[in-house]
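Trainee: Pasting a structure below so you can have a look.
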Amino acid sequence: MAIDYLKRGKPEADRAEDDAKTAAIVSATLKDIEQRGDAAVRELANKFDGYDRDCYRLSDDEIQAIIAKVSPEDMADIKFAQDQVRNFAQAQRDSMLDIEIETMPGVILGHKNIPVQSVGCYVPGGKFPMVASAHMSVATASVAGVPRIIAATPPFNGEPNPAVIAAMHMGGAHEIYVLGGIQAVGAMAIGTETIDPVHLLVGPGNAFVAEAKRQLFGRVGIDLFAGPTETMVIADETVDAELCATDLLGQAEHGYNSPAVLVTNSRKLATETLAEIDRILKILPTAGTASVSWQDYGEVIVCDTYDEMLEVANDIASEHVQVMTDRDDWFLDHMTCYGALFLGPRTNVSNGDKVIGTNHTLPTKKAGRYTGGLWVGKFLKTHSYQKVTTDEAATMIGEYGSRLCMLEGFVGHAEQCNVRVRRYGGVNVPYGQGAPRRTAAE
């Protein structure tokens, strides 16, 4: 195997040190929110967002006034995007069926898909107003039938961003808060004097938001570990450097720590992409951010074979994987660890981020090894149930259960079975013993 790194990002040890610093800050902040509630949230909002209100929840009148600032053209675009997200989420929801089967005479098993009863949707917006994130979380929760959907987003340039608020409202949010960062997810999960806690937190965010969700998991559910954006381009010589460089920098502009990785079997394409990135960074308006991400987290990996490219890609398990090769469907068939795939040069990550209909809240930091992205199913809980409707079934299942409980030494468990065997089957099972096995004649 020959895998050559033409460019490496920040060493893993340095990244781990950054993560440890973030974790300590988040832990102290969440503890402060738990102890002091609204007072702590207000101090944090003033400190980090420069935004002060007596109550951070927007009133209905405020929401309508803010939405009125959005142009009809922008509203039409937002509606189009939400329609695409809702349509795909509804198709996913329709695939999730409640079931009930009779596994043997008198034994009925089933499951029901029940919506989570309250969800907090975080919509990033400090650096860029993430209008699309409202579709992905709020609208999808609405399709799932969640009865209480609250949404939080930081102010943008000192005030609520009209397009984001419009998207939250149109998506179906029941409560909207102008709060960002740790204070937003902390308040939604822990609760304060004025904010009732939720059962589930969803939505992407910066490293502090992602770490806060990680630390809050258990107190509440979370969708997944959705930290700073990651992107990977898998390419061969069927495409050119301009496409590769554009797709890498298009995601590196998200923040200062957004990994962008090119995996290719063409050294020519790799070197040309490096040069093209240098060229684009001289004209890209967001180069101040993208250049830092590329310098610290950008990587270019040259492999000999497609199999090596696949192995590297599965190991990195990037959030977004743009595949532009002569065998895109081969990667679709064989990729196992990623957030979402974007297949062929005609598609791109931005389509997925903003409008095409799939959800853009995706796993980062190798979480694609064990989970997919946010989807309507994340807002649903699949609960099983069982019922025994005949004396014969109660007796037979009880006899097996009795013996298996005794096999493990659980006498009290066995008696739950035995009492049914005695009552519904008329079988005399001594206390503390397993039920007798039936003879062939029986």
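Ordered as shown in the structure tokens, chains take letters A, B, and onward, while each chain numbers its residues from 1 and ligands are numbered from 1 in the order shown.
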Please identify the helix (DSSP H, G or I) residues within segment 203-351 of chain A (assignment by DSSP from backbone atoms) and present them as a PyMOL selection string.

Mentor: chain A and resi 207-216+241-252+267-281+287-297+306-316+328-334+349-351

Trainee: Write the residues of the selection above to a file with C-alpha atoms, as a PDB file, in the first residue's frame.

Mentor:
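Below you can see out_35.pdb, which holds the result:
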```pdb
ATOM      1  CA  ALA A 207     -17.065  23.133  18.974  1.00  0.00           C
ATOM      2  CA  PHE A 208     -18.593  24.578  22.169  1.00  0.00           C
ATOM      3  CA  VAL A 209     -22.156  23.730  21.161  1.00  0.00           C
ATOM      4  CA  ALA A 210     -21.144  20.211  20.116  1.00  0.00           C
ATOM      5  CA  GLU A 211     -19.307  19.637  23.392  1.00  0.00           C
ATOM      6  CA  ALA A 212     -22.241  21.001  25.395  1.00  0.00           C
ATOM      7  CA  LYS A 213     -24.548  18.519  23.692  1.00  0.00           C
ATOM      8  CA  ARG A 214     -22.096  15.720  24.427  1.00  0.00           C
ATOM      9  CA  GLN A 215     -21.963  16.617  28.123  1.00  0.00           C
ATOM     10  CA  LEU A 216     -25.748  16.988  28.324  1.00  0.00           C
ATOM     11  CA  ALA A 241      -8.675  20.950  -9.926  1.00  0.00           C
ATOM     12  CA  GLU A 242     -11.185  23.806 -10.037  1.00  0.00           C
ATOM     13  CA  LEU A 243     -14.048  21.512  -8.980  1.00  0.00           C
ATOM     14  CA  CYS A 244     -11.979  19.899  -6.228  1.00  0.00           C
ATOM     15  CA  ALA A 245     -10.622  23.154  -4.826  1.00  0.00           C
ATOM     16  CA  THR A 246     -14.031  24.832  -4.930  1.00  0.00           C
ATOM     17  CA  ASP A 247     -15.702  21.963  -3.097  1.00  0.00           C
ATOM     18  CA  LEU A 248     -12.988  21.893  -0.422  1.00  0.00           C
ATOM     19  CA  LEU A 249     -12.968  25.642   0.259  1.00  0.00           C
ATOM     20  CA  GLY A 250     -16.746  25.862   0.013  1.00  0.00           C
ATOM     21  CA  GLN A 251     -16.942  24.019   3.327  1.00  0.00           C
ATOM     22  CA  ALA A 252     -13.694  25.272   4.884  1.00  0.00           C
ATOM     23  CA  ARG A 267      -0.794  13.004  -8.106  1.00  0.00           C
ATOM     24  CA  LYS A 268      -1.346  15.433 -10.979  1.00  0.00           C
ATOM     25  CA  LEU A 269      -4.834  16.308  -9.735  1.00  0.00           C
ATOM     26  CA  ALA A 270      -3.513  16.617  -6.169  1.00  0.00           C
ATOM     27  CA  THR A 271      -0.764  19.106  -7.046  1.00  0.00           C
ATOM     28  CA  GLU A 272      -3.044  21.090  -9.338  1.00  0.00           C
ATOM     29  CA  THR A 273      -5.706  21.273  -6.621  1.00  0.00           C
ATOM     30  CA  LEU A 274      -3.162  22.641  -4.134  1.00  0.00           C
ATOM     31  CA  ALA A 275      -2.265  25.373  -6.632  1.00  0.00           C
ATOM     32  CA  GLU A 276      -5.921  26.091  -7.385  1.00  0.00           C
ATOM     33  CA  ILE A 277      -6.693  26.462  -3.675  1.00  0.00           C
ATOM     34  CA  ASP A 278      -3.929  29.066  -3.402  1.00  0.00           C
ATOM     35  CA  ARG A 279      -5.431  30.926  -6.354  1.00  0.00           C
ATOM     36  CA  ILE A 280      -9.013  30.879  -5.027  1.00  0.00           C
ATOM     37  CA  LEU A 281      -7.963  31.979  -1.542  1.00  0.00           C
ATOM     38  CA  ALA A 287     -10.689  33.597   2.782  1.00  0.00           C
ATOM     39  CA  GLY A 288      -9.980  34.969   6.249  1.00  0.00           C
ATOM     40  CA  THR A 289     -11.793  31.960   7.666  1.00  0.00           C
ATOM     41  CA  ALA A 290     -11.261  29.382   4.935  1.00  0.00           C
ATOM     42  CA  SER A 291      -7.504  29.920   4.774  1.00  0.00           C
ATOM     43  CA  VAL A 292      -7.103  29.211   8.505  1.00  0.00           C
ATOM     44  CA  SER A 293      -9.128  26.008   8.238  1.00  0.00           C
ATOM     45  CA  TRP A 294      -7.177  24.917   5.192  1.00  0.00           C
ATOM     46  CA  GLN A 295      -3.834  25.687   6.819  1.00  0.00           C
ATOM     47  CA  ASP A 296      -4.612  23.871  10.081  1.00  0.00           C
ATOM     48  CA  TYR A 297      -7.046  21.158   8.997  1.00  0.00           C
ATOM     49  CA  TYR A 306      -9.443   2.906  -5.597  1.00  0.00           C
ATOM     50  CA  ASP A 307      -9.424   0.303  -2.831  1.00  0.00           C
ATOM     51  CA  GLU A 308      -6.875   2.397  -0.924  1.00  0.00           C
ATOM     52  CA  MET A 309      -9.008   5.497  -1.473  1.00  0.00           C
ATOM     53  CA  LEU A 310     -11.991   3.627  -0.049  1.00  0.00           C
ATOM     54  CA  GLU A 311     -10.013   2.441   2.980  1.00  0.00           C
ATOM     55  CA  VAL A 312      -8.751   5.949   3.748  1.00  0.00           C
ATOM     56  CA  ALA A 313     -12.216   7.449   3.311  1.00  0.00           C
ATOM     57  CA  ASN A 314     -13.882   4.911   5.612  1.00  0.00           C
ATOM     58  CA  ASP A 315     -11.197   5.471   8.237  1.00  0.00           C
ATOM     59  CA  ILE A 316     -11.613   9.260   8.227  1.00  0.00           C
ATOM     60  CA  ASP A 328     -19.287   6.768  -8.135  1.00  0.00           C
ATOM     61  CA  ASP A 329     -21.826   3.976  -7.595  1.00  0.00           C
ATOM     62  CA  TRP A 330     -18.998   1.641  -6.542  1.00  0.00           C
ATOM     63  CA  PHE A 331     -18.240   4.034  -3.689  1.00  0.00           C
ATOM     64  CA  LEU A 332     -21.970   4.200  -2.864  1.00  0.00           C
ATOM     65  CA  ASP A 333     -22.005   0.394  -2.629  1.00  0.00           C
ATOM     66  CA  HIS A 334     -18.822   0.125  -0.546  1.00  0.00           C
ATOM     67  CA  VAL A 349     -22.410  19.642  -0.637  1.00  0.00           C
ATOM     68  CA  SER A 350     -24.041  23.069  -0.796  1.00  0.00           C
ATOM     69  CA  ASN A 351     -27.111  21.542  -2.440  1.00  0.00           C
TER      70      ASN A 351
END
```

Trainee: Output as a tab-separated table one row per residue of segment 152-242 of chain A within 7 Å of segment 38-47 of chain A: the closest atom pair and its distance in Å to one decimal place, counting only C-alpha atoms, sorted by chain and residue number ascending.

Mentor:
```
residue	atom	partner	partner_atom	distance
A:Leu179	CA	A:Ala45	CA	6.7
A:Gln183	CA	A:Val41	CA	5.4
A:Thr192	CA	A:Asp38	CA	5.6
A:Glu193	CA	A:Asp38	CA	6.3
```

Trainee: Could you go through segment 98-330 of chain A and tell me which residues DSSP, when run on the backbone, assigns to strand (DSSP E or B), listing them as number ranges by chain?

Mentor: A: 99-104, 107-115, 119-122, 149-152, 156, 159, 175-177, 200-202, 217, 220-222, 231-235, 260-264, 298-303, 320-324

Trainee: Mind running segment 89-206 of chain A against segment 68-85 of chain A at 7 Å and telling me each contacting residue's nearest atom pair with the distance in Å (one decimal), counting only C-alpha atoms, chain and number ascending, as CSV?

Mentor:
```
residue,atom,partner,partner_atom,distance
A:Ala89,CA,A:Val85,CA,6.1
A:His135,CA,A:Gln82,CA,5.6
A:Met136,CA,A:Val85,CA,6.9
A:Pro162,CA,A:Val70,CA,6.0
A:Ala163,CA,A:Val70,CA,6.1
A:Ala167,CA,A:Ile78,CA,6.7
```

Trainee: Please write the residues from the selection above to a file, keeping N, CA and C atoms, as a compact mmCIF listing (two decimals), in the first residue's frame.

Mentor:
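Okay, this is what ended up in result23.txt:
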```txt
# COMPACT_ATOMS: atom_id res chain seq x y z
N ALA A 89 -38.59 14.15 4.28
CA ALA A 89 -38.86 13.70 5.66
C ALA A 89 -40.17 12.93 5.73
N HIS A 135 -34.77 24.52 8.66
CA HIS A 135 -35.55 23.51 7.94
C HIS A 135 -35.22 22.12 8.46
N MET A 136 -33.90 21.88 8.60
CA MET A 136 -33.43 20.53 8.90
C MET A 136 -33.91 20.02 10.25
N PRO A 162 -33.92 38.06 10.36
CA PRO A 162 -35.29 37.86 9.88
C PRO A 162 -35.49 36.56 9.12
N ALA A 163 -34.54 36.19 8.25
CA ALA A 163 -34.72 34.97 7.45
C ALA A 163 -34.70 33.73 8.34
N ALA A 167 -37.80 31.14 8.89
CA ALA A 167 -37.67 29.70 8.64
C ALA A 167 -38.09 28.89 9.86
```

Trainee: Contacts of Met406 of chain A at 8 Å or less, counting only C-alpha atoms, minus same-chain residues fewer than 6 places along, as a short mmCIF file (atom, residue, chain, number, x, y, z; two decimals) with all heavy atoms, in the first residue's frame?

Mentor:
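Result file is part_18.cif:
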```cif
data_model
loop_
_atom_site.label_atom_id
_atom_site.label_comp_id
_atom_site.auth_asym_id
_atom_site.auth_seq_id
_atom_site.Cartn_x
_atom_site.Cartn_y
_atom_site.Cartn_z
N ALA A 414 -38.90 -16.01 38.25
CA ALA A 414 -39.56 -17.27 37.92
C ALA A 414 -40.98 -17.31 38.47
O ALA A 414 -41.90 -17.84 37.82
CB ALA A 414 -38.75 -18.45 38.47
N GLN A 433 -39.25 -23.17 42.23
CA GLN A 433 -38.76 -24.16 41.27
C GLN A 433 -39.20 -23.78 39.85
O GLN A 433 -40.16 -23.01 39.67
CB GLN A 433 -39.29 -25.57 41.60
CG GLN A 433 -38.78 -26.13 42.91
CD GLN A 433 -39.24 -27.54 43.14
OE1 GLN A 433 -39.60 -28.26 42.20
NE2 GLN A 433 -39.24 -27.97 44.41
N GLY A 434 -38.49 -24.31 38.88
CA GLY A 434 -38.88 -24.09 37.49
C GLY A 434 -40.03 -24.98 37.12
O GLY A 434 -40.23 -26.06 37.69
#
```

Trainee: Between A:Val185, A:Val429, A:Leu374, A:Leu362, which is the closest to Thr29 of chain A once you count only C-alpha atoms?

Mentor: A:Val185

Trainee: Calculate how many Å separate atom CA of Phe410 of chain A from atom CA of Ile108 of chain A, rounding to one decimal.

Mentor: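 Taking atom CA of Phe410 of chain A and atom CA of Ile108 of chain A, their separation equals 25.1 Å.
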
Trainee: Show me, as a PDB file with N, CA and C atoms, in the first residue's frame, the residues that have an atom within 10 Å of Thr140 of chain A when counting only C-alpha atoms, minus same-chain residues fewer than 4 positions from it.

Mentor:
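Saved the output as out21.pdb:
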```
ATOM      1  N   GLN A  82     -37.913  24.466   2.230  1.00  0.00           N
ATOM      2  CA  GLN A  82     -38.642  23.715   3.258  1.00  0.00           C
ATOM      3  C   GLN A  82     -39.538  22.655   2.650  1.00  0.00           C
ATOM      4  N   VAL A  85     -37.339  19.637   1.979  1.00  0.00           N
ATOM      5  CA  VAL A  85     -36.988  18.940   3.222  1.00  0.00           C
ATOM      6  C   VAL A  85     -38.202  18.193   3.771  1.00  0.00           C
ATOM      7  N   ARG A  86     -39.349  18.845   3.778  1.00  0.00           N
ATOM      8  CA  ARG A  86     -40.565  18.196   4.282  1.00  0.00           C
ATOM      9  C   ARG A  86     -40.945  16.979   3.429  1.00  0.00           C
ATOM     10  N   ASN A  87     -40.832  17.113   2.121  1.00  0.00           N
ATOM     11  CA  ASN A  87     -41.218  16.007   1.240  1.00  0.00           C
ATOM     12  C   ASN A  87     -40.376  14.763   1.513  1.00  0.00           C
ATOM     13  N   PHE A  88     -39.067  14.948   1.646  1.00  0.00           N
ATOM     14  CA  PHE A  88     -38.201  13.795   1.889  1.00  0.00           C
ATOM     15  C   PHE A  88     -38.434  13.242   3.297  1.00  0.00           C
ATOM     16  N   ALA A  89     -38.593  14.148   4.283  1.00  0.00           N
ATOM     17  CA  ALA A  89     -38.859  13.699   5.657  1.00  0.00           C
ATOM     18  C   ALA A  89     -40.173  12.931   5.731  1.00  0.00           C
ATOM     19  N   GLN A  90     -41.176  13.377   4.985  1.00  0.00           N
ATOM     20  CA  GLN A  90     -42.463  12.677   5.000  1.00  0.00           C
ATOM     21  C   GLN A  90     -42.337  11.294   4.373  1.00  0.00           C
ATOM     22  N   ARG A  93     -40.797   9.207   6.963  1.00  0.00           N
ATOM     23  CA  ARG A  93     -41.771   8.886   8.011  1.00  0.00           C
ATOM     24  C   ARG A  93     -42.738   7.806   7.540  1.00  0.00           C
ATOM     25  N   ALA A 134     -32.718  25.643  10.168  1.00  0.00           N
ATOM     26  CA  ALA A 134     -34.079  25.647  10.712  1.00  0.00           C
ATOM     27  C   ALA A 134     -34.955  24.636   9.987  1.00  0.00           C
ATOM     28  N   HIS A 135     -34.768  24.516   8.662  1.00  0.00           N
ATOM     29  CA  HIS A 135     -35.554  23.508   7.941  1.00  0.00           C
ATOM     30  C   HIS A 135     -35.216  22.116   8.456  1.00  0.00           C
ATOM     31  N   MET A 136     -33.900  21.881   8.602  1.00  0.00           N
ATOM     32  CA  MET A 136     -33.428  20.533   8.896  1.00  0.00           C
ATOM     33  C   MET A 136     -33.909  20.019  10.250  1.00  0.00           C
ATOM     34  N   ALA A 144     -42.434  14.825  12.046  1.00  0.00           N
ATOM     35  CA  ALA A 144     -42.490  13.691  12.972  1.00  0.00           C
ATOM     36  C   ALA A 144     -43.650  13.797  13.958  1.00  0.00           C
ATOM     37  N   GLY A 145     -44.229  14.986  14.092  1.00  0.00           N
ATOM     38  CA  GLY A 145     -45.352  15.170  15.007  1.00  0.00           C
ATOM     39  C   GLY A 145     -44.975  15.527  16.422  1.00  0.00           C
ATOM     40  N   VAL A 146     -43.796  16.104  16.626  1.00  0.00           N
ATOM     41  CA  VAL A 146     -43.367  16.505  17.976  1.00  0.00           C
ATOM     42  C   VAL A 146     -44.303  17.605  18.477  1.00  0.00           C
ATOM     43  N   GLY A 171     -41.289  26.611   9.770  1.00  0.00           N
ATOM     44  CA  GLY A 171     -41.001  25.200  10.010  1.00  0.00           C
ATOM     45  C   GLY A 171     -41.888  24.575  11.065  1.00  0.00           C
ATOM     46  N   GLY A 172     -42.467  25.414  11.948  1.00  0.00           N
ATOM     47  CA  GLY A 172     -43.378  24.893  12.962  1.00  0.00           C
ATOM     48  C   GLY A 172     -42.918  25.046  14.392  1.00  0.00           C
ATOM     49  N   ASN A 359     -31.167  15.845   4.847  1.00  0.00           N
ATOM     50  CA  ASN A 359     -30.882  16.628   6.039  1.00  0.00           C
ATOM     51  C   ASN A 359     -29.397  16.944   6.141  1.00  0.00           C
ATOM     52  N   LEU A 374     -29.146  13.436  11.081  1.00  0.00           N
ATOM     53  CA  LEU A 374     -30.480  13.755  11.574  1.00  0.00           C
ATOM     54  C   LEU A 374     -31.514  13.402  10.502  1.00  0.00           C
ATOM     55  N   TRP A 375     -32.605  12.789  10.922  1.00  0.00           N
ATOM     56  CA  TRP A 375     -33.711  12.482  10.020  1.00  0.00           C
ATOM     57  C   TRP A 375     -34.971  12.365  10.843  1.00  0.00           C
ATOM     58  N   VAL A 376     -36.084  12.200  10.185  1.00  0.00           N
ATOM     59  CA  VAL A 376     -37.354  12.207  10.905  1.00  0.00           C
ATOM     60  C   VAL A 376     -37.390  11.134  11.986  1.00  0.00           C
ATOM     61  N   GLY A 377     -36.691  10.019  11.761  1.00  0.00           N
ATOM     62  CA  GLY A 377     -36.681   8.941  12.747  1.00  0.00           C
ATOM     63  C   GLY A 377     -36.022   9.312  14.057  1.00  0.00           C
ATOM     64  N   LYS A 378     -35.135  10.333  14.059  1.00  0.00           N
ATOM     65  CA  LYS A 378     -34.494  10.759  15.305  1.00  0.00           C
ATOM     66  C   LYS A 378     -35.498  11.386  16.262  1.00  0.00           C
ATOM     67  N   PHE A 379     -36.618  11.845  15.725  1.00  0.00           N
ATOM     68  CA  PHE A 379     -37.637  12.479  16.560  1.00  0.00           C
ATOM     69  C   PHE A 379     -38.707  11.487  16.998  1.00  0.00           C
TER      70      PHE A 379
END
```

Trainee: Could you list, as a list in words, every residue within 8 Å of Arg8 of chain A, counting only C-alpha atoms and ignoring same-chain residues fewer than 6 positions away?

Mentor: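 Residues near the query, excluding close chain neighbours: Tyr297, Gly298, Glu299 and Val300 of chain A.
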
Trainee: Could you please take those selected residues and save N, CA, C and O atoms as a PDB file, in the first residue's frame?

Mentor:
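Heads up, here's the output in selection.pdb:
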```
ATOM      1  N   TYR A 297      -6.267  22.400   9.063  1.00  0.00           N
ATOM      2  CA  TYR A 297      -7.046  21.158   8.997  1.00  0.00           C
ATOM      3  C   TYR A 297      -7.155  20.563   7.593  1.00  0.00           C
ATOM      4  O   TYR A 297      -7.782  19.522   7.424  1.00  0.00           O
ATOM      5  N   GLY A 298      -6.574  21.227   6.603  1.00  0.00           N
ATOM      6  CA  GLY A 298      -6.640  20.699   5.251  1.00  0.00           C
ATOM      7  C   GLY A 298      -5.638  19.576   5.021  1.00  0.00           C
ATOM      8  O   GLY A 298      -4.526  19.605   5.559  1.00  0.00           O
ATOM      9  N   GLU A 299      -6.038  18.571   4.248  1.00  0.00           N
ATOM     10  CA  GLU A 299      -5.155  17.450   3.927  1.00  0.00           C
ATOM     11  C   GLU A 299      -5.335  17.038   2.468  1.00  0.00           C
ATOM     12  O   GLU A 299      -6.447  17.115   1.918  1.00  0.00           O
ATOM     13  N   VAL A 300      -4.250  16.585   1.862  1.00  0.00           N
ATOM     14  CA  VAL A 300      -4.291  16.033   0.511  1.00  0.00           C
ATOM     15  C   VAL A 300      -3.603  14.677   0.557  1.00  0.00           C
ATOM     16  O   VAL A 300      -2.427  14.581   0.926  1.00  0.00           O
TER      17      VAL A 300
END
```

Trainee: Please measure the separation of atom CA of Gly37 of chain A and atom CA of Val198 of chain A, giving the value in Å to one decimal.

Mentor: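 Straight-line distance from atom CA of Gly37 of chain A to atom CA of Val198 of chain A works out to 14.9 Å.
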
Trainee: Write out as a ChimeraX atom specification the residues lying within 8 Å of Gly126 of chain A, counting only C-alpha atoms and excluding same-chain residues fewer than 5 positions away.

Mentor: /A:49,154-156,180

Trainee: Could you save those same residues with N, CA, C and O atoms as a tab-separated table (two decimals), in the first residue's frame?

Mentor:
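Saved the output as part23.tsv:
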```tsv
chain	number	residue	atom	x	y	z
A	49	ASP	N	-22.77	37.43	22.94
A	49	ASP	CA	-23.56	37.91	21.81
A	49	ASP	C	-23.82	39.41	21.86
A	49	ASP	O	-24.35	39.97	20.89
A	154	PRO	N	-28.61	32.54	17.77
A	154	PRO	CA	-28.00	33.78	18.27
A	154	PRO	C	-28.39	34.98	17.42
A	154	PRO	O	-28.83	34.82	16.27
A	155	PRO	N	-28.26	36.17	17.96
A	155	PRO	CA	-28.49	37.36	17.14
A	155	PRO	C	-27.42	37.47	16.07
A	155	PRO	O	-26.31	36.96	16.23
A	156	PHE	N	-27.78	38.12	14.98
A	156	PHE	CA	-26.84	38.35	13.88
A	156	PHE	C	-26.72	39.85	13.68
A	156	PHE	O	-27.72	40.54	13.45
A	180	GLY	N	-27.64	32.10	21.75
A	180	GLY	CA	-26.64	31.32	21.02
A	180	GLY	C	-25.76	30.52	21.95
A	180	GLY	O	-25.79	30.66	23.17
```

Trainee: Would you list the contacts of Pro363 of chain A as an MDAnalysis selection string, taking every protein, DNA or RNA residue within 10 Å and counting only C-alpha atoms, but skipping same-chain residues closer than 2 positions in sequence?

Mentor: chainID A and resid 204 223:230 317:320 337:340 360:361 365:374
